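Printed here is protein_10.cif (mmCIF, C-alpha atoms):
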```
data_model
#
loop_
_atom_site.label_atom_id
_atom_site.label_comp_id
_atom_site.auth_asym_id
_atom_site.auth_seq_id
_atom_site.Cartn_x
_atom_site.Cartn_y
_atom_site.Cartn_z
CA MET A 27 0.00 0.00 0.00
CA PRO A 28 1.43 3.39 -0.89
CA GLU A 29 1.98 5.61 2.11
CA ASP A 30 0.64 8.91 0.80
CA ALA A 31 1.22 10.83 4.01
CA LYS A 32 4.89 9.85 4.14
CA SER A 33 5.68 10.60 0.47
CA LYS A 34 4.43 14.19 0.81
CA PRO A 35 6.45 16.78 2.68
CA VAL A 36 5.67 16.96 6.36
CA PRO A 37 3.81 20.21 7.18
CA ASP A 38 6.00 22.80 8.92
CA CYS A 39 3.37 24.05 11.27
CA PRO A 40 3.01 21.52 14.15
CA GLU A 41 -0.68 22.35 14.61
CA GLU A 42 -1.51 21.17 11.10
CA MET A 43 -2.47 17.54 10.75
CA SER A 44 -1.82 15.22 7.86
CA ARG A 45 -4.61 14.11 5.57
CA ARG A 46 -4.44 10.64 7.13
CA GLN A 47 -4.74 11.97 10.68
CA PHE A 48 -7.66 14.16 9.57
CA PHE A 49 -9.58 11.24 8.10
CA VAL A 50 -8.80 9.01 11.09
CA LYS A 51 -10.25 11.70 13.37
CA ILE A 52 -13.35 12.12 11.16
CA GLY A 53 -13.79 8.33 11.06
CA ALA A 54 -13.34 7.82 14.79
CA GLY A 55 -15.66 10.76 15.53
CA SER A 56 -18.36 9.36 13.23
CA ILE A 57 -18.14 5.93 14.84
CA ALA A 58 -18.34 7.50 18.32
CA ALA A 59 -21.41 9.56 17.30
CA ALA A 60 -23.05 6.49 15.77
CA ALA A 61 -22.32 4.44 18.91
CA LEU A 62 -23.82 7.12 21.15
CA GLY A 63 -26.87 7.34 18.91
CA THR A 64 -27.25 3.56 18.94
CA ALA A 65 -27.04 3.54 22.74
CA ALA A 66 -29.70 6.26 22.97
CA PHE A 67 -32.01 4.52 20.46
CA SER A 68 -31.52 1.17 22.24
CA TYR A 69 -32.45 2.70 25.58
CA GLU A 70 -35.54 4.32 24.05
CA TYR A 71 -36.52 1.10 22.32
CA LEU A 72 -36.18 -0.97 25.50
CA SER A 73 -38.33 1.46 27.55
CA PRO A 74 -41.99 0.80 26.72
CA ASN A 75 -43.96 4.00 26.03
CA VAL A 76 -47.36 2.46 26.72
CA LEU A 77 -47.95 0.04 29.56
CA TYR A 78 -50.92 -2.30 29.53
CA GLU A 79 -50.94 -2.54 33.29
CA PRO A 80 -53.94 -2.18 35.61
CA SER A 81 -54.86 1.39 36.54
CA PRO A 82 -53.33 2.61 39.81
CA ILE A 83 -56.75 3.98 40.78
CA VAL A 84 -58.85 1.38 42.54
CA ASP A 85 -62.56 1.45 43.33
CA ALA A 86 -62.71 -0.13 46.79
CA GLY A 87 -66.53 -0.17 46.89
CA LYS A 88 -69.04 1.09 49.40
CA PRO A 89 -67.82 1.89 52.92
CA ASP A 90 -70.56 -0.37 54.32
CA HIS A 91 -68.66 -3.44 53.00
CA TYR A 92 -66.04 -2.93 55.66
CA PRO A 93 -67.01 -3.87 59.22
CA PRO A 94 -66.04 -1.38 61.94
CA ASP A 95 -62.53 -1.73 63.33
CA SER A 96 -61.30 -4.01 60.52
CA VAL A 97 -58.35 -4.49 58.16
CA THR A 98 -59.32 -5.85 54.74
CA LEU A 99 -56.78 -6.98 52.14
CA ASP A 100 -57.55 -7.05 48.45
CA PRO A 101 -54.80 -9.32 47.04
CA GLN A 102 -55.55 -8.31 43.43
CA THR A 103 -54.81 -4.63 44.01
CA ALA A 104 -52.45 -5.13 46.99
CA ILE A 105 -54.11 -2.58 49.29
CA TYR A 106 -55.50 -2.73 52.80
CA VAL A 107 -58.65 -0.79 53.54
CA VAL A 108 -58.52 -0.07 57.27
CA ARG A 109 -61.64 1.03 59.08
CA THR A 110 -61.12 2.50 62.50
CA ALA A 111 -63.66 4.04 64.84
CA GLU A 112 -62.90 7.49 63.35
CA GLY A 113 -62.83 6.64 59.63
CA PHE A 114 -61.07 4.92 56.73
CA PHE A 115 -57.57 4.87 55.35
CA ALA A 116 -55.75 2.84 52.68
CA LEU A 117 -52.42 1.15 53.23
CA SER A 118 -50.15 -0.39 50.63
CA ALA A 119 -49.89 -4.17 51.14
CA ILE A 120 -46.53 -4.36 49.32
CA CYS A 121 -43.66 -4.89 51.74
CA THR A 122 -41.13 -2.07 51.60
CA HIS A 123 -38.30 -4.59 51.86
CA LEU A 124 -38.42 -6.47 48.53
CA GLY A 125 -41.99 -6.12 47.29
CA CYS A 126 -43.75 -9.23 48.59
CA LEU A 127 -47.47 -9.21 49.32
CA THR A 128 -48.06 -8.95 53.06
CA ALA A 129 -51.01 -10.43 54.97
CA TYR A 130 -53.01 -9.22 57.97
CA LYS A 131 -52.91 -11.55 60.95
CA SER A 132 -56.13 -10.77 62.80
CA ASP A 133 -55.20 -12.92 65.82
CA LEU A 134 -51.98 -10.94 66.30
CA GLY A 135 -53.45 -7.66 65.09
CA MET A 136 -50.47 -7.05 62.85
CA ILE A 137 -49.43 -7.16 59.21
CA ALA A 138 -46.78 -9.79 58.38
CA CYS A 139 -44.67 -10.40 55.28
CA PRO A 140 -44.20 -14.10 54.37
CA CYS A 141 -40.90 -13.56 52.53
CA HIS A 142 -38.45 -12.24 55.10
CA GLY A 143 -40.48 -11.81 58.27
CA SER A 144 -41.14 -8.06 58.43
CA LYS A 145 -44.03 -7.13 60.72
CA PHE A 146 -46.06 -3.92 60.79
CA ASN A 147 -48.89 -2.67 62.92
CA ARG A 148 -52.10 -1.73 61.18
CA ASP A 149 -50.99 1.90 60.82
CA GLY A 150 -48.14 0.57 58.67
CA VAL A 151 -45.45 1.27 61.29
CA LYS A 152 -42.72 -1.36 61.31
CA ILE A 153 -42.55 -3.56 64.40
CA GLU A 154 -39.69 -5.84 63.35
CA GLY A 155 -37.87 -7.32 60.37
CA PRO A 156 -35.71 -6.08 57.50
CA ALA A 157 -38.21 -3.59 55.99
CA PRO A 158 -36.50 -0.17 55.75
CA ARG A 159 -39.67 1.96 55.75
CA PRO A 160 -43.22 1.77 57.08
CA LEU A 161 -45.99 0.66 54.72
CA PRO A 162 -47.08 3.85 52.93
CA TRP A 163 -50.52 5.35 53.33
CA LEU A 164 -52.20 5.77 49.95
CA ARG A 165 -54.38 8.66 48.83
CA MET A 166 -58.01 7.80 49.51
CA TRP A 167 -61.14 9.76 48.77
CA MET A 168 -64.88 9.34 48.40
CA SER A 169 -66.24 9.34 44.85
CA ASP A 170 -69.46 11.11 43.85
CA GLU A 171 -71.19 7.73 43.82
CA GLY A 172 -70.19 7.19 47.42
CA ASN A 173 -67.45 4.64 46.74
CA LEU A 174 -64.08 4.59 48.44
CA MET A 175 -61.36 5.33 45.88
CA VAL A 176 -57.64 4.64 46.29
CA ASP A 177 -54.74 5.87 44.17
CA ARG A 178 -51.97 3.28 44.54
CA SER A 179 -49.42 5.51 42.82
CA GLN A 180 -49.75 8.29 45.41
CA ALA A 181 -48.40 7.79 48.89
CA VAL A 182 -49.50 10.47 51.33
CA ALA A 183 -47.19 11.92 53.92
CA ILE A 184 -49.90 13.37 56.16
CA LYS A 185 -52.05 10.66 57.63
CA GLN A 186 -55.65 11.68 57.14
CA LEU A 187 -58.72 9.53 57.62
CA VAL A 188 -61.67 9.52 55.25
CA ARG A 189 -64.70 10.10 57.45
CA ILE A 190 -68.22 9.15 56.47
CA MET B 8 -10.23 -59.22 11.20
CA ALA B 9 -8.70 -56.12 12.68
CA SER B 10 -6.59 -55.55 9.61
CA THR B 11 -9.59 -55.77 7.26
CA LEU B 12 -11.40 -53.23 9.44
CA GLU B 13 -8.39 -50.92 9.33
CA GLN B 14 -8.24 -51.39 5.58
CA LEU B 15 -11.89 -50.47 5.32
CA VAL B 16 -11.41 -47.35 7.45
CA ASP B 17 -8.44 -46.34 5.34
CA GLN B 18 -10.47 -46.91 2.18
CA VAL B 19 -13.17 -44.57 3.48
CA ARG B 20 -10.54 -42.01 4.44
CA GLU B 21 -8.99 -42.12 0.98
CA ASN B 22 -12.39 -41.69 -0.63
CA ARG B 23 -12.69 -38.53 -2.70
CA ILE B 24 -15.74 -37.20 -0.81
CA TRP B 25 -14.12 -37.88 2.58
CA ARG B 26 -10.92 -36.16 1.45
CA SER B 27 -12.92 -33.14 0.30
CA ILE B 28 -14.25 -32.73 3.87
CA PHE B 29 -11.33 -33.96 5.99
CA ARG B 30 -8.04 -33.02 4.37
CA SER B 31 -5.73 -34.49 7.00
CA GLY B 32 -5.20 -37.71 5.02
CA THR B 33 -4.31 -41.20 6.17
CA GLY B 34 -1.56 -42.71 8.24
CA GLN B 35 -0.49 -42.70 11.86
CA SER B 36 2.20 -40.01 11.72
CA ASN B 37 2.34 -37.29 14.37
CA LEU B 38 1.89 -34.73 11.60
CA ARG B 39 -1.37 -36.32 10.49
CA LYS B 40 -2.66 -36.56 14.07
CA ALA B 41 -1.83 -32.91 14.56
CA LEU B 42 -3.55 -31.96 11.30
CA VAL B 43 -6.74 -33.80 12.32
CA VAL B 44 -7.09 -31.42 15.25
CA GLN B 45 -5.69 -28.30 13.65
CA GLN B 46 -7.82 -28.49 10.49
CA ASN B 47 -11.13 -29.12 12.23
CA VAL B 48 -13.13 -25.97 12.94
CA PHE B 49 -14.33 -27.29 16.34
CA LEU B 50 -11.20 -29.16 17.46
CA HIS B 51 -8.82 -26.36 16.47
CA LEU B 52 -9.86 -24.52 19.65
CA PHE B 53 -7.92 -27.20 21.53
CA SER B 54 -4.24 -28.03 21.62
CA ILE B 55 -2.92 -30.47 19.00
CA LYS B 56 -0.98 -32.13 21.80
CA ALA B 57 -1.79 -32.65 25.46
CA ARG B 58 0.34 -34.03 28.26
CA LYS B 59 -1.03 -37.31 29.61
CA ARG B 60 -0.85 -35.88 33.12
CA THR B 61 -3.35 -33.14 32.22
CA LEU B 62 -5.87 -35.73 31.02
CA GLU B 63 -5.84 -37.69 34.28
CA PHE B 64 -8.88 -37.47 36.52
CA ARG B 65 -6.93 -35.99 39.42
CA ALA B 66 -5.81 -32.98 37.39
CA THR B 67 -9.24 -31.43 36.89
CA TRP B 68 -11.83 -33.96 38.08
CA TYR B 69 -13.22 -33.20 34.57
CA LEU B 70 -15.36 -30.47 36.15
CA GLY B 71 -15.10 -28.09 33.18
CA ALA B 72 -16.00 -30.81 30.70
CA LEU B 73 -18.90 -31.93 32.91
CA THR B 74 -20.17 -28.33 33.07
CA PHE B 75 -20.05 -28.17 29.29
CA GLY B 76 -21.92 -31.49 29.19
CA THR B 77 -24.76 -30.12 31.32
CA PHE B 78 -24.84 -27.02 29.10
CA ALA B 79 -25.24 -29.24 26.03
CA ILE B 80 -28.10 -31.15 27.72
CA LEU B 81 -29.72 -27.82 28.63
CA VAL B 82 -29.55 -26.53 25.05
CA ILE B 83 -31.06 -29.72 23.61
CA THR B 84 -33.85 -30.12 26.21
CA GLY B 85 -34.47 -26.36 26.21
CA VAL B 86 -35.04 -26.21 22.46
CA LEU B 87 -37.45 -29.16 22.74
CA LEU B 88 -39.35 -27.51 25.60
CA MET B 89 -39.71 -24.35 23.49
CA LEU B 90 -41.88 -26.32 21.04
CA TYR B 91 -44.69 -26.53 23.62
CA TYR B 92 -44.17 -23.32 25.61
CA HIS B 93 -45.85 -19.95 24.93
CA PRO B 94 -44.27 -17.05 26.85
CA SER B 95 -47.61 -15.35 27.54
CA VAL B 96 -49.78 -14.75 30.59
CA PRO B 97 -51.38 -17.00 31.80
CA GLN B 98 -50.73 -19.56 29.03
CA ALA B 99 -47.14 -20.15 30.24
CA TYR B 100 -48.32 -21.85 33.43
CA ALA B 101 -50.78 -24.06 31.53
CA ASP B 102 -48.06 -25.03 29.04
CA MET B 103 -45.76 -25.97 31.90
CA LYS B 104 -48.50 -28.16 33.38
CA ASP B 105 -49.19 -29.67 29.93
CA LEU B 106 -45.53 -30.56 29.63
CA GLN B 107 -45.81 -32.37 32.95
CA TYR B 108 -49.07 -34.23 32.39
CA VAL B 109 -50.07 -34.23 28.72
CA VAL B 110 -47.04 -34.12 26.42
CA SER B 111 -45.31 -37.48 25.83
CA SER B 112 -41.94 -37.48 27.64
CA GLY B 113 -42.65 -33.85 28.57
CA VAL B 114 -42.13 -34.43 32.26
CA PHE B 115 -38.84 -36.21 31.49
CA LEU B 116 -37.53 -33.33 29.37
CA ARG B 117 -38.67 -30.69 31.86
CA ASN B 118 -37.10 -32.49 34.79
CA LEU B 119 -33.93 -33.17 32.82
CA HIS B 120 -33.73 -29.45 32.01
CA ARG B 121 -34.34 -28.51 35.63
CA TRP B 122 -31.88 -30.95 37.20
CA SER B 123 -29.23 -30.19 34.59
CA ALA B 124 -29.65 -26.50 35.42
CA HIS B 125 -29.08 -27.20 39.12
CA ALA B 126 -26.14 -29.45 38.24
CA MET B 127 -24.61 -26.82 35.97
CA VAL B 128 -24.67 -24.16 38.71
CA PHE B 129 -23.16 -26.68 41.14
CA LEU B 130 -20.48 -27.79 38.66
CA VAL B 131 -19.56 -24.22 37.72
CA PHE B 132 -18.87 -23.50 41.38
CA THR B 133 -16.93 -26.72 42.00
CA HIS B 134 -14.92 -26.05 38.81
CA MET B 135 -14.14 -22.58 40.14
CA PHE B 136 -13.09 -23.92 43.56
CA LYS B 137 -10.94 -26.61 41.94
CA VAL B 138 -9.18 -24.04 39.76
CA PHE B 139 -8.74 -21.81 42.81
CA TYR B 140 -7.30 -24.45 45.13
CA ARG B 141 -5.01 -25.88 42.41
CA GLY B 142 -3.72 -22.36 41.73
CA ALA B 143 -4.61 -22.77 38.05
CA TYR B 144 -5.69 -19.12 37.87
CA ARG B 145 -2.10 -17.84 38.09
CA THR B 146 -0.07 -16.33 35.26
CA PRO B 147 -0.44 -16.93 32.34
CA ARG B 148 -4.02 -18.11 33.00
CA GLU B 149 -5.33 -15.03 34.82
CA PHE B 150 -7.43 -13.81 31.89
CA ASN B 151 -9.10 -17.20 31.51
CA TRP B 152 -10.16 -16.82 35.16
CA VAL B 153 -11.83 -13.55 34.15
CA VAL B 154 -13.59 -15.29 31.24
CA GLY B 155 -14.67 -17.91 33.78
CA VAL B 156 -16.16 -15.24 36.02
CA ILE B 157 -18.15 -13.90 33.03
CA LEU B 158 -19.38 -17.46 32.36
CA LEU B 159 -20.34 -17.82 36.04
CA LEU B 160 -22.44 -14.64 35.79
CA VAL B 161 -24.03 -15.81 32.51
CA THR B 162 -24.86 -19.15 34.18
CA LEU B 163 -26.48 -17.42 37.16
CA LEU B 164 -28.44 -15.08 34.86
CA LEU B 165 -29.62 -18.06 32.79
CA SER B 166 -30.72 -19.72 36.02
CA TYR B 167 -32.52 -16.59 37.19
CA THR B 168 -34.31 -15.84 33.90
CA GLY B 169 -35.38 -19.49 33.63
CA TYR B 170 -36.86 -19.24 37.11
CA LEU B 171 -39.70 -16.97 35.92
CA LEU B 172 -40.79 -19.04 32.92
CA PRO B 173 -43.06 -21.59 34.73
CA TRP B 174 -45.13 -18.55 35.81
CA ASP B 175 -46.13 -20.11 39.13
CA GLN B 176 -46.19 -18.49 42.58
CA LEU B 177 -42.55 -19.31 43.28
CA ALA B 178 -41.46 -17.80 39.94
CA TYR B 179 -43.58 -14.69 40.36
CA TRP B 180 -42.41 -13.81 43.87
CA ALA B 181 -38.80 -14.79 43.24
CA VAL B 182 -38.61 -12.36 40.33
CA THR B 183 -40.54 -9.70 42.27
CA VAL B 184 -37.94 -9.94 45.01
CA GLY B 185 -35.03 -10.16 42.54
CA SER B 186 -36.13 -7.14 40.53
CA ASN B 187 -36.56 -5.15 43.76
CA ILE B 188 -32.99 -6.06 44.69
CA ALA B 189 -31.93 -4.61 41.32
CA SER B 190 -33.84 -1.42 42.11
CA ALA B 191 -31.60 -0.91 45.17
CA VAL B 192 -28.79 0.21 42.82
CA PRO B 193 -28.05 3.87 43.63
CA LEU B 194 -29.49 6.57 41.32
CA MET B 195 -30.51 4.30 38.42
CA GLY B 196 -32.08 1.40 40.36
CA ALA B 197 -35.67 2.17 39.41
CA LYS B 198 -34.65 2.57 35.73
CA ILE B 199 -32.82 -0.77 35.75
CA ARG B 200 -35.89 -2.47 37.19
CA PHE B 201 -38.13 -0.77 34.60
CA LEU B 202 -35.93 -1.92 31.71
CA MET B 203 -35.57 -5.41 33.19
CA LEU B 204 -39.31 -5.95 33.59
CA GLY B 205 -40.46 -3.80 30.66
CA GLY B 206 -42.90 -2.16 33.08
CA THR B 207 -43.47 -1.39 36.74
CA ALA B 208 -44.56 -4.88 37.81
CA VAL B 209 -43.79 -8.51 36.98
CA ASN B 210 -46.21 -8.99 34.10
CA ALA B 211 -46.52 -10.07 30.46
CA ASN B 212 -43.63 -7.83 29.33
CA ALA B 213 -41.36 -9.21 32.05
CA LEU B 214 -42.19 -12.80 31.08
CA LEU B 215 -41.44 -12.10 27.41
CA ARG B 216 -38.18 -10.28 28.21
CA PHE B 217 -36.98 -13.06 30.48
CA TYR B 218 -37.93 -15.62 27.81
CA VAL B 219 -35.91 -13.86 25.10
CA LEU B 220 -32.96 -13.44 27.47
CA HIS B 221 -33.17 -17.06 28.58
CA CYS B 222 -33.59 -18.64 25.14
CA VAL B 223 -31.59 -16.38 22.83
CA ILE B 224 -29.39 -13.65 24.27
CA LEU B 225 -27.78 -15.39 27.27
CA PRO B 226 -27.16 -18.74 25.48
CA LEU B 227 -25.43 -16.85 22.64
CA PHE B 228 -23.23 -15.07 25.19
CA ALA B 229 -22.54 -18.40 26.89
CA ILE B 230 -21.52 -20.12 23.63
CA LEU B 231 -19.30 -17.18 22.66
CA PHE B 232 -17.46 -17.09 25.98
CA ILE B 233 -17.25 -20.90 26.23
CA ALA B 234 -15.43 -20.85 22.87
CA VAL B 235 -13.03 -18.17 24.15
CA HIS B 236 -12.59 -20.10 27.42
CA PHE B 237 -11.61 -23.33 25.60
CA TRP B 238 -9.39 -21.55 23.08
CA ARG B 239 -7.50 -19.77 25.87
CA ILE B 240 -6.60 -23.13 27.46
CA ARG B 241 -4.48 -23.79 24.37
CA LYS B 242 -3.16 -20.22 24.26
CA ASP B 243 -2.15 -20.37 27.93
CA GLY B 244 -0.15 -23.58 27.52
CA GLY B 245 -2.72 -26.32 28.10
CA ILE B 246 -4.56 -27.48 31.18
CA TYR B 247 -2.69 -26.85 34.41
CA ALA B 248 -1.89 -30.19 36.07
CA GLY B 249 0.07 -28.96 39.04
CA ASP B 250 3.71 -28.13 39.51
CA HIS B 251 5.83 -31.29 39.18
CA SER B 252 8.85 -29.94 41.09
CA SER B 253 6.78 -28.96 44.13
CA GLU B 254 5.10 -32.38 44.11
CA VAL B 255 8.50 -34.05 44.30
CA SER B 256 9.85 -31.81 47.04
CA SER B 257 6.81 -31.95 49.28
#
```
Turn the structure described in the file into structure tokens.
Amino acid sequence: MPEDAKSKPVPDCPEEMSRRQFFVKIGAGSIAAAALGTAAFSYEYLSPNVLYEPSPIVDAGKPDHYPPDSVTLDPQTAIYVVRTAEGFFALSAICTHLGCLTAYKSDLGMIACPCHGSKFNRDGVKIEGPAPRPLPWLRMWMSDEGNLMVDRSQAVAIKQLVRI
Amino acid sequence: MASTLEQLVDQVRENRIWRSIFRSGTGQSNLRKALVVQQNVFLHLFSIKARKRTLEFRATWYLGALTFGTFAILVITGVLLMLYYHPSVPQAYADMKDLQYVVSSGVFLRNLHRWSAHAMVFLVFTHMFKVFYRGAYRTPREFNWVVGVILLLVTLLLSYTGYLLPWDQLAYWAVTVGSNIASAVPLMGAKIRFLMLGGTAVNANALLRFYVLHCVILPLFAILFIAVHFWRIRKDGGIYAGDHSSEVSS
């Protein structure tokens, strides 16, 4: 292969680059840009834009379904509807440790996780186990039809009861 | 009797069609034996010569070869299981049950796949311990140890992705827990979990993603790195069978 760059006189100015160096830089730059673009497109492709998952908003039904002073788990939606003497609140049933579905033990009066043994009281406060946070309270409100509604995607910081 | 058989074998080897495929020729010379290995696309990964000592049981306990054997069983049984399995919710569970109770030999193939998977994980670890305690990871074999670590991770990922496919309670909660462990990665944990599951919960997208990883992507990675792993044995001077001088002195 003829070495074009070597047969021509070397440029005097040190800041000038040879034709070969120029094309190597252009080539390497193009490959880098293409690789970055491919990474960005791959990330976009692998992130679904539409999810066919159940709605985070749950209709928990009429308040009369829940006996006074009770904790009711709906395993399908993974929420507890807790009825106290003062009113209602909704608690996430998903353990804050690693996402297992917890269960309410009525004889102990506490919520227990079958996976790694975390226990919570019915306000969601941790009693024991590896769970790092209490079970979050979820936003709950009364619909116009008089049904209890829960938004599973919204944890509420201020613990408020829904009174009827 | 033996001579007529040898004559027959030599006749086949000198046949024009045979010679067009295997060019190493006939005879018992060392050159020919070397050519048989060197000119074969599969065998050329290996050395053309091996010390007898390295082929003894005590050198390796054949753990690497046994691991490769379980991998071969897993590929064959896995491809057969794919013929009856739909990676969709909730059909996957029904297909798994059909394999157990309806499909002829289905329960045999499924159990063979399952036990071989357990055996492969076990053998990979014993192979690693054997290499470690023999000191076979030392120069010039240190990079093949690294390739081995990659293969260990691929094996564990194959095991983990295969865990979800029966779509039973164990599978569902194991992957729920596993994906939540992934989300504990600082800063990008939630993103990793989202990409892994193709959503926010273990659902149809997660099952399909794990299926594609389990049946296509991870096996391809495994085959690629197994080839490199074998080829490096030759490049690093053959299988390590212990240091002779230290054996004598001790």
Take the PyMOL selection byres ((chain A and resi 120-126) around 12), run it mentally on this structure, and tell me the resulting residues as a ChimeraX atom specification.
/A:99-106,117-119,127-130,137-146,150-152,154-164,178 /B:176-177,179-191,207-209
Nearest to B:Leu38: which of B:Val128, B:Ile24, B:Ile55, B:Pro94 is it, counting all atoms listed in the file?
B:Ile55
Provide the atom CA of A:Gly53 to atom CA of B:Val235 distance in Å, to one decimal place.
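Atom CA of B:Val235 lies at a distance of 29.6 Å from atom CA of A:Gly53.
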Would you please work out which residue, of B:Leu52, B:Met127, B:Ile199, B:Leu116, is nearest to chain A when using all atoms listed in the file?
B:Ile199
Taking (-60.8, 2.1, 48.8) in the file's own coordinates, collect the residues within 9 Å, counting all atoms listed in the file, and hand them back as an MDAnalysis selection string.
chainID A and resid 84:89 105:107 114:116 166:168 173:177
Can you work out which one of A:Ala61, A:Glu70, A:Lys185, A:Thr98 has the shortest atom-to-atom distance to chain B, counting all atoms listed in the file?
A:Glu70
